[in-house]
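Trainee: Once you've had a glance at the structure underneath, I'll fire off some questions.
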Amino acid sequence: MNNILITGATGNVGFEVIRFLTKIDSSNRIVAGVRNIEKAKNVFKDYPDLAYTHFDFEDFDTFDSALKGIDKIFLLRPPPISDIDKYFKPLISKIKEKNITQIVFLSVQGAEKSKVIPHNKIERLISENGLDFIFLRPSYFMQNLTTTLIEDIQTKREIILPSGNAKFNWIDIENIGEAGAILLDKFGDYKNQAIEITGLENENFETVTELINSLIDNPIKYRNVNPLKFFRIKKREGMVKGMIIVMILLHFLPRFQKEPRISDFYERLTGKKPTDLKTFIEREKESIDKQ
Ligand SMILES: NC(=O)c1ccc[n+]([C@@H]2O[C@H](COP(=O)([O-])OP(=O)(O)OC[C@H]3O[C@@H](n4cnc5c(N)ncnc54)[C@H](OP(=O)(O)O)[C@@H]3O)[C@@H](O)[C@H]2O)c1
């Protein structure tokens, strides 16, 4: 039996990893590493076999007991954590000290290209410490439409971003979670690989907005703004500065980059096509249409 610790368990991807891991017919014991166990128990009320441990990236005192007896880790970087040296260096050292060598790290497509992005730093920390890893590098989450962008969509009927005509590759988090679960279970087959996982469509926000409008009743608009204007709008709305900067980097920089590569990894792994945008929008129609 393998004890598998899932960090970010209550978040978008962590939840899906757990959902798919519980479907795999093997003797894994799944442990959700969470800041608030009571809150997590509520999120996972349909998962009676899930175990919980108190784990906080920002509280080093939680590392020792959370990692005790763990064989494999699904590791992610929560979006608010950007000081990698401060939080991930001690964590990776502790993981090494505990002889846990199997880490599936949720990275990002293109992480290898820039030494300054947090995911790149974490990947290097893991490999430089001699731990076995799988770096799972997904493209742009379809669920950004139903999480970070949903407030503008529902209240202003707009997607406001500094993205111009930049094309993003759109992936469904369910596909990432499913892949993450299989990679944790069959770690040895994929170890020490960096794997890009993408959907099949590279589309800009104008095209995605048109697609959304063809499927919902209350139309939305795409408003392209320059980064400074975006910063001012979001600051006025109360978004924290670090988050605005992450939003700008994520949405503005692709204007100067090549179109994302499309990977067939998900299909090779599962024998299925990844979710397409039309299917995703139809699935999330109620939330996107709500005003
Ligand atoms: N958005 C994209 O298009 C995209 C694309 C590629 C890669 N990524 C990467 O994906 C990652 C985010 O994944 P996600 O969307 O699943 O994240 P998410 O939904 O924002 O979830 C974050 C998770 O981390 C937990 N968390 C936050 N701070 C914590 C702390 N101090 N200690 C312990 N747990 C903590 C949260 O738990 P609580 O319930 O306690 O808050 C939550 O479970 C990021 O690294 C991002 O860069 C994103």
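Quick note on naming: the chains in the structure tokens go A, B, ... in the order shown, residues restart at 1 in each chain, and ligands are numbered from 1 in order of appearance.
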May I have the residues within 8 Å of ligand 1, computed using only C-alpha atoms and all ligand atoms, as a CSV table (one decimal) with N, CA and C atoms, in the first residue's frame?

Mentor:
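Contents of the output file part.csv:
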chain,number,residue,atom,x,y,z
A,7,THR,N,-1.2,17.8,-1.8
A,7,THR,CA,-1.2,19.1,-1.4
A,7,THR,C,-2.2,19.9,-2.3
A,8,GLY,N,-2.7,21.0,-1.8
A,8,GLY,CA,-3.7,21.8,-2.5
A,8,GLY,C,-5.0,21.0,-2.8
A,9,ALA,N,-5.3,20.1,-1.8
A,9,ALA,CA,-6.4,19.1,-2.0
A,9,ALA,C,-7.7,19.8,-2.3
A,10,THR,N,-8.0,20.9,-1.6
A,10,THR,CA,-9.3,21.6,-1.7
A,10,THR,C,-9.4,22.5,-2.9
A,11,GLY,N,-8.2,22.6,-3.7
A,11,GLY,CA,-8.2,23.5,-4.8
A,11,GLY,C,-8.7,22.8,-6.1
A,12,ASN,N,-8.6,23.5,-7.2
A,12,ASN,CA,-9.2,23.0,-8.5
A,12,ASN,C,-8.5,21.7,-8.9
A,13,VAL,N,-7.2,21.7,-9.0
A,13,VAL,CA,-6.6,20.5,-9.5
A,13,VAL,C,-6.5,19.4,-8.4
A,14,GLY,N,-6.1,19.8,-7.2
A,14,GLY,CA,-6.0,18.8,-6.1
A,14,GLY,C,-7.3,18.0,-5.9
A,15,PHE,N,-8.4,18.7,-6.0
A,15,PHE,CA,-9.7,18.0,-5.8
A,15,PHE,C,-9.9,16.9,-6.9
A,33,GLY,N,-3.5,16.9,2.4
A,33,GLY,CA,-2.7,17.8,3.3
A,33,GLY,C,-3.3,19.1,3.2
A,34,VAL,N,-4.0,19.6,4.3
A,34,VAL,CA,-4.8,20.8,4.2
A,34,VAL,C,-4.6,21.7,5.4
A,35,ARG,N,-4.9,23.0,5.3
A,35,ARG,CA,-4.7,23.9,6.4
A,35,ARG,C,-5.8,23.8,7.4
A,36,ASN,N,-7.0,23.5,6.9
A,36,ASN,CA,-8.2,23.4,7.7
A,36,ASN,C,-8.9,22.1,7.5
A,39,LYS,N,-12.9,22.2,7.3
A,39,LYS,CA,-13.4,22.7,6.0
A,39,LYS,C,-13.2,21.6,4.9
A,40,ALA,N,-12.0,21.0,4.9
A,40,ALA,CA,-11.7,20.0,3.9
A,40,ALA,C,-12.7,18.8,4.0
A,55,PHE,N,-1.5,20.4,7.1
A,55,PHE,CA,-0.3,20.8,6.3
A,55,PHE,C,-0.4,22.2,5.8
A,56,ASP,N,0.6,23.0,6.2
A,56,ASP,CA,0.5,24.4,5.7
A,56,ASP,C,1.9,24.8,5.2
A,57,PHE,N,2.0,25.2,3.9
A,57,PHE,CA,3.2,25.5,3.3
A,57,PHE,C,3.9,26.6,4.1
A,58,GLU,N,3.2,27.5,4.8
A,58,GLU,CA,3.8,28.6,5.5
A,58,GLU,C,4.0,28.3,6.9
A,59,ASP,N,3.8,27.1,7.4
A,59,ASP,CA,4.0,26.7,8.8
A,59,ASP,C,4.9,25.5,8.8
A,76,LEU,N,1.8,21.0,-5.3
A,76,LEU,CA,1.6,22.2,-6.2
A,76,LEU,C,2.0,23.4,-5.4
A,77,ARG,N,2.1,24.5,-6.2
A,77,ARG,CA,2.4,25.8,-5.6
A,77,ARG,C,1.1,26.6,-5.5
A,78,PRO,N,0.6,26.8,-4.3
A,78,PRO,CA,-0.6,27.6,-4.2
A,78,PRO,C,-0.3,29.0,-4.8
A,79,PRO,N,-1.2,29.5,-5.6
A,79,PRO,CA,-1.0,30.8,-6.3
A,79,PRO,C,-0.4,31.9,-5.4
A,80,PRO,N,-0.9,32.1,-4.1
A,80,PRO,CA,-0.3,33.2,-3.4
A,80,PRO,C,1.2,33.0,-3.0
A,81,ILE,N,1.7,31.8,-3.1
A,81,ILE,CA,3.1,31.6,-2.6
A,81,ILE,C,4.1,31.8,-3.8
A,106,LEU,N,2.9,19.8,-10.0
A,106,LEU,CA,2.1,20.5,-10.9
A,106,LEU,C,2.8,21.8,-11.3
A,107,SER,N,3.3,21.8,-12.5
A,107,SER,CA,4.1,22.9,-13.0
A,107,SER,C,3.3,23.7,-14.0
A,108,VAL,N,3.9,24.2,-15.0
A,108,VAL,CA,3.1,25.0,-16.0
A,108,VAL,C,3.8,24.8,-17.3
A,109,GLN,N,3.1,24.8,-18.4
A,109,GLN,CA,3.7,24.7,-19.8
A,109,GLN,C,4.7,25.8,-20.0
A,119,HIS,N,7.6,28.1,-10.8
A,119,HIS,CA,7.6,26.6,-11.1
A,119,HIS,C,8.9,26.1,-11.5
A,137,ARG,N,3.2,19.6,-16.7
A,137,ARG,CA,3.2,21.0,-17.2
A,137,ARG,C,1.9,21.3,-18.0
A,138,PRO,N,0.9,21.8,-17.4
A,138,PRO,CA,-0.4,22.0,-18.1
A,138,PRO,C,-0.4,23.4,-18.8
A,139,SER,N,-1.3,23.5,-19.8
A,139,SER,CA,-1.5,24.8,-20.4
A,139,SER,C,-2.5,25.6,-19.6
A,140,TYR,N,-3.2,26.5,-20.3
A,140,TYR,CA,-4.1,27.5,-19.6
A,140,TYR,C,-5.4,26.8,-19.3
A,141,PHE,N,-5.8,26.9,-18.0
A,141,PHE,CA,-7.0,26.2,-17.5
A,141,PHE,C,-8.3,26.8,-18.1
A,142,MET,N,-9.1,25.9,-18.6
A,142,MET,CA,-10.5,26.3,-19.0
A,142,MET,C,-11.2,26.9,-17.8
A,143,GLN,N,-10.9,26.4,-16.6
A,143,GLN,CA,-11.6,26.8,-15.4
A,143,GLN,C,-11.3,28.2,-15.0
A,144,ASN,N,-10.3,28.9,-15.7
A,144,ASN,CA,-10.1,30.3,-15.4
A,144,ASN,C,-11.3,31.1,-15.7
A,250,LEU,N,0.5,36.3,-16.8
A,250,LEU,CA,-0.1,35.1,-17.4
A,250,LEU,C,-0.9,35.5,-18.7

Trainee: In Å, how far is it from atom CA of Leu131 of chain A to atom CA of Lys86 of chain A?

Mentor: 19.3 Å

Trainee: Take atom CA of Asn175 of chain A and atom CA of Thr147 of chain A and report the distance between them in Å, one decimal.

Mentor: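 Taking atom CA of Asn175 of chain A and atom CA of Thr147 of chain A, their separation equals 17.0 Å.
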
Trainee: Just the residues within 7 Å of segment 162-169 of chain A, please, counting only C-alpha atoms, with nothing from its chain fewer than 4 positions along; format it as a ChimeraX atom specification.

Mentor: /A:139-140,198-199,201-204,224-227,230,248,251-252,254-255,259-260

Trainee: Selected residues, C-alpha atoms, written as a PDB file, in the first residue's frame, please.

Mentor:
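So out04.pdb came out as:
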ATOM      1  CA  SER A 139      -1.475  24.801 -20.446  1.00  0.00           C
ATOM      2  CA  TYR A 140      -4.122  27.462 -19.646  1.00  0.00           C
ATOM      3  CA  THR A 198      -2.702  20.378 -23.138  1.00  0.00           C
ATOM      4  CA  GLY A 199      -6.083  20.481 -24.775  1.00  0.00           C
ATOM      5  CA  GLU A 201      -7.393  24.060 -29.123  1.00  0.00           C
ATOM      6  CA  ASN A 202      -5.232  27.185 -29.306  1.00  0.00           C
ATOM      7  CA  GLU A 203      -7.700  30.089 -29.268  1.00  0.00           C
ATOM      8  CA  ASN A 204      -7.667  33.774 -28.373  1.00  0.00           C
ATOM      9  CA  ASN A 224      -8.693  44.038 -24.284  1.00  0.00           C
ATOM     10  CA  VAL A 225      -6.961  46.623 -22.077  1.00  0.00           C
ATOM     11  CA  ASN A 226      -3.320  47.554 -21.648  1.00  0.00           C
ATOM     12  CA  PRO A 227      -1.546  46.161 -18.573  1.00  0.00           C
ATOM     13  CA  PHE A 230      -5.821  46.372 -16.121  1.00  0.00           C
ATOM     14  CA  ILE A 248      -0.785  40.364 -16.102  1.00  0.00           C
ATOM     15  CA  HIS A 251      -2.267  37.069 -19.876  1.00  0.00           C
ATOM     16  CA  PHE A 252       0.018  39.743 -21.367  1.00  0.00           C
ATOM     17  CA  PRO A 254       1.717  35.299 -24.392  1.00  0.00           C
ATOM     18  CA  ARG A 255       1.240  38.222 -26.824  1.00  0.00           C
ATOM     19  CA  GLU A 259       1.547  29.769 -30.000  1.00  0.00           C
ATOM     20  CA  PRO A 260       1.540  27.025 -27.349  1.00  0.00           C
TER      21      PRO A 260
END

Trainee: Run DSSP on the backbone and tell me which residues of segment 50-239 of chain A come out as alpha helix (DSSP H); list them as JSON, numbers by chain.

Mentor: {"A": [63, 64, 65, 66, 67, 84, 85, 86, 87, 88, 89, 90, 91, 92, 93, 94, 95, 96, 97, 118, 119, 120, 121, 122, 123, 124, 125, 126, 127, 128, 150, 151, 152, 153, 154, 155, 156, 173, 174, 175, 176, 177, 178, 179, 180, 181, 182, 183, 184, 185, 187, 188, 189, 190, 205, 206, 207, 208, 209, 210, 211, 212, 213, 227, 228, 229, 230, 231, 232, 233, 234, 235, 236]}

Trainee: Using only C-alpha atoms, which of A:Glu158, A:Lys89, A:Glu178, A:Leu184 sits nearest Phe133 of chain A?

Mentor: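 Under the stated criterion, the closest residue is A:Leu184.
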
Trainee: Between atom CA of Lys290 of chain A and atom CA of Asn218 of chain A, measure the distance and give it in Å to one decimal.

Mentor: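 Calculated distance between atom CA of Lys290 of chain A and atom CA of Asn218 of chain A is 7.9 Å.
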
Trainee: List the spatial neighbours of Ser26 of chain A as a list in words - criterion: any atom at most 9 Å away, only C-alpha atoms, same-chain residues fewer than 5 positions off excluded.

Mentor: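 Counting only the stated atoms, we get Met1, Leu21 and Asp185 of chain A.
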
Trainee: If we count only C-alpha atoms and set the cut-off at 12 Å, which residues sit around Asp189 of chain A, ignoring sequence neighbours fewer than 2 positions away in its own chain? Please answer as a VMD selection string.

Mentor: chain A and resid 102 132 to 134 182 to 187 191 to 193 269

Trainee: Name the residues in contact with Thr148 of chain A at a cut-off of 12 Å, using only C-alpha atoms, excluding same-chain residues fewer than 6 positions from it; report them as a list in words.

Mentor: Asn12, Pro79, Phe141, Met142, Gln154, Ile159, Ile160, Leu161, Lys234, Met239, Met243, Ile244, Val246 and Met247 of chain A

Trainee: Write a file of the selected residues as a PDB file, in the first residue's frame, keeping N, CA and C atoms.

Mentor:
ATOM      1  N   ASN A  12      -8.626  23.543  -7.205  1.00  0.00           N
ATOM      2  CA  ASN A  12      -9.155  23.038  -8.477  1.00  0.00           C
ATOM      3  C   ASN A  12      -8.539  21.700  -8.863  1.00  0.00           C
ATOM      4  N   PRO A  79      -1.227  29.546  -5.625  1.00  0.00           N
ATOM      5  CA  PRO A  79      -0.965  30.817  -6.313  1.00  0.00           C
ATOM      6  C   PRO A  79      -0.432  31.941  -5.413  1.00  0.00           C
ATOM      7  N   PHE A 141      -5.799  26.914 -17.987  1.00  0.00           N
ATOM      8  CA  PHE A 141      -6.980  26.194 -17.489  1.00  0.00           C
ATOM      9  C   PHE A 141      -8.289  26.761 -18.073  1.00  0.00           C
ATOM     10  N   MET A 142      -9.130  25.902 -18.624  1.00  0.00           N
ATOM     11  CA  MET A 142     -10.480  26.345 -19.029  1.00  0.00           C
ATOM     12  C   MET A 142     -11.211  26.938 -17.825  1.00  0.00           C
ATOM     13  N   GLN A 154     -19.967  37.491 -14.753  1.00  0.00           N
ATOM     14  CA  GLN A 154     -21.327  37.514 -14.191  1.00  0.00           C
ATOM     15  C   GLN A 154     -21.818  38.932 -13.905  1.00  0.00           C
ATOM     16  N   ILE A 159     -15.176  39.903 -20.336  1.00  0.00           N
ATOM     17  CA  ILE A 159     -13.874  39.354 -19.953  1.00  0.00           C
ATOM     18  C   ILE A 159     -12.895  40.498 -20.183  1.00  0.00           C
ATOM     19  N   ILE A 160     -12.266  40.981 -19.129  1.00  0.00           N
ATOM     20  CA  ILE A 160     -11.355  42.121 -19.244  1.00  0.00           C
ATOM     21  C   ILE A 160      -9.935  41.604 -19.003  1.00  0.00           C
ATOM     22  N   LEU A 161      -9.092  41.705 -20.026  1.00  0.00           N
ATOM     23  CA  LEU A 161      -7.726  41.175 -19.896  1.00  0.00           C
ATOM     24  C   LEU A 161      -6.771  41.922 -20.831  1.00  0.00           C
ATOM     25  N   LYS A 234      -8.210  46.518 -11.536  1.00  0.00           N
ATOM     26  CA  LYS A 234      -8.235  45.450 -10.522  1.00  0.00           C
ATOM     27  C   LYS A 234      -7.856  45.981  -9.142  1.00  0.00           C
ATOM     28  N   MET A 239      -8.343  43.804  -5.753  1.00  0.00           N
ATOM     29  CA  MET A 239      -7.508  42.602  -5.924  1.00  0.00           C
ATOM     30  C   MET A 239      -6.109  42.895  -5.374  1.00  0.00           C
ATOM     31  N   MET A 243      -1.458  39.304  -6.950  1.00  0.00           N
ATOM     32  CA  MET A 243      -2.372  38.558  -7.821  1.00  0.00           C
ATOM     33  C   MET A 243      -2.556  39.297  -9.157  1.00  0.00           C
ATOM     34  N   ILE A 244      -2.630  40.638  -9.087  1.00  0.00           N
ATOM     35  CA  ILE A 244      -2.788  41.409 -10.344  1.00  0.00           C
ATOM     36  C   ILE A 244      -1.558  41.183 -11.230  1.00  0.00           C
ATOM     37  N   VAL A 246       0.460  38.611 -11.244  1.00  0.00           N
ATOM     38  CA  VAL A 246       0.404  37.252 -11.809  1.00  0.00           C
ATOM     39  C   VAL A 246      -0.570  37.215 -12.996  1.00  0.00           C
ATOM     40  N   MET A 247      -1.722  37.871 -12.823  1.00  0.00           N
ATOM     41  CA  MET A 247      -2.732  37.905 -13.912  1.00  0.00           C
ATOM     42  C   MET A 247      -2.138  38.565 -15.160  1.00  0.00           C
TER      43      MET A 247
END
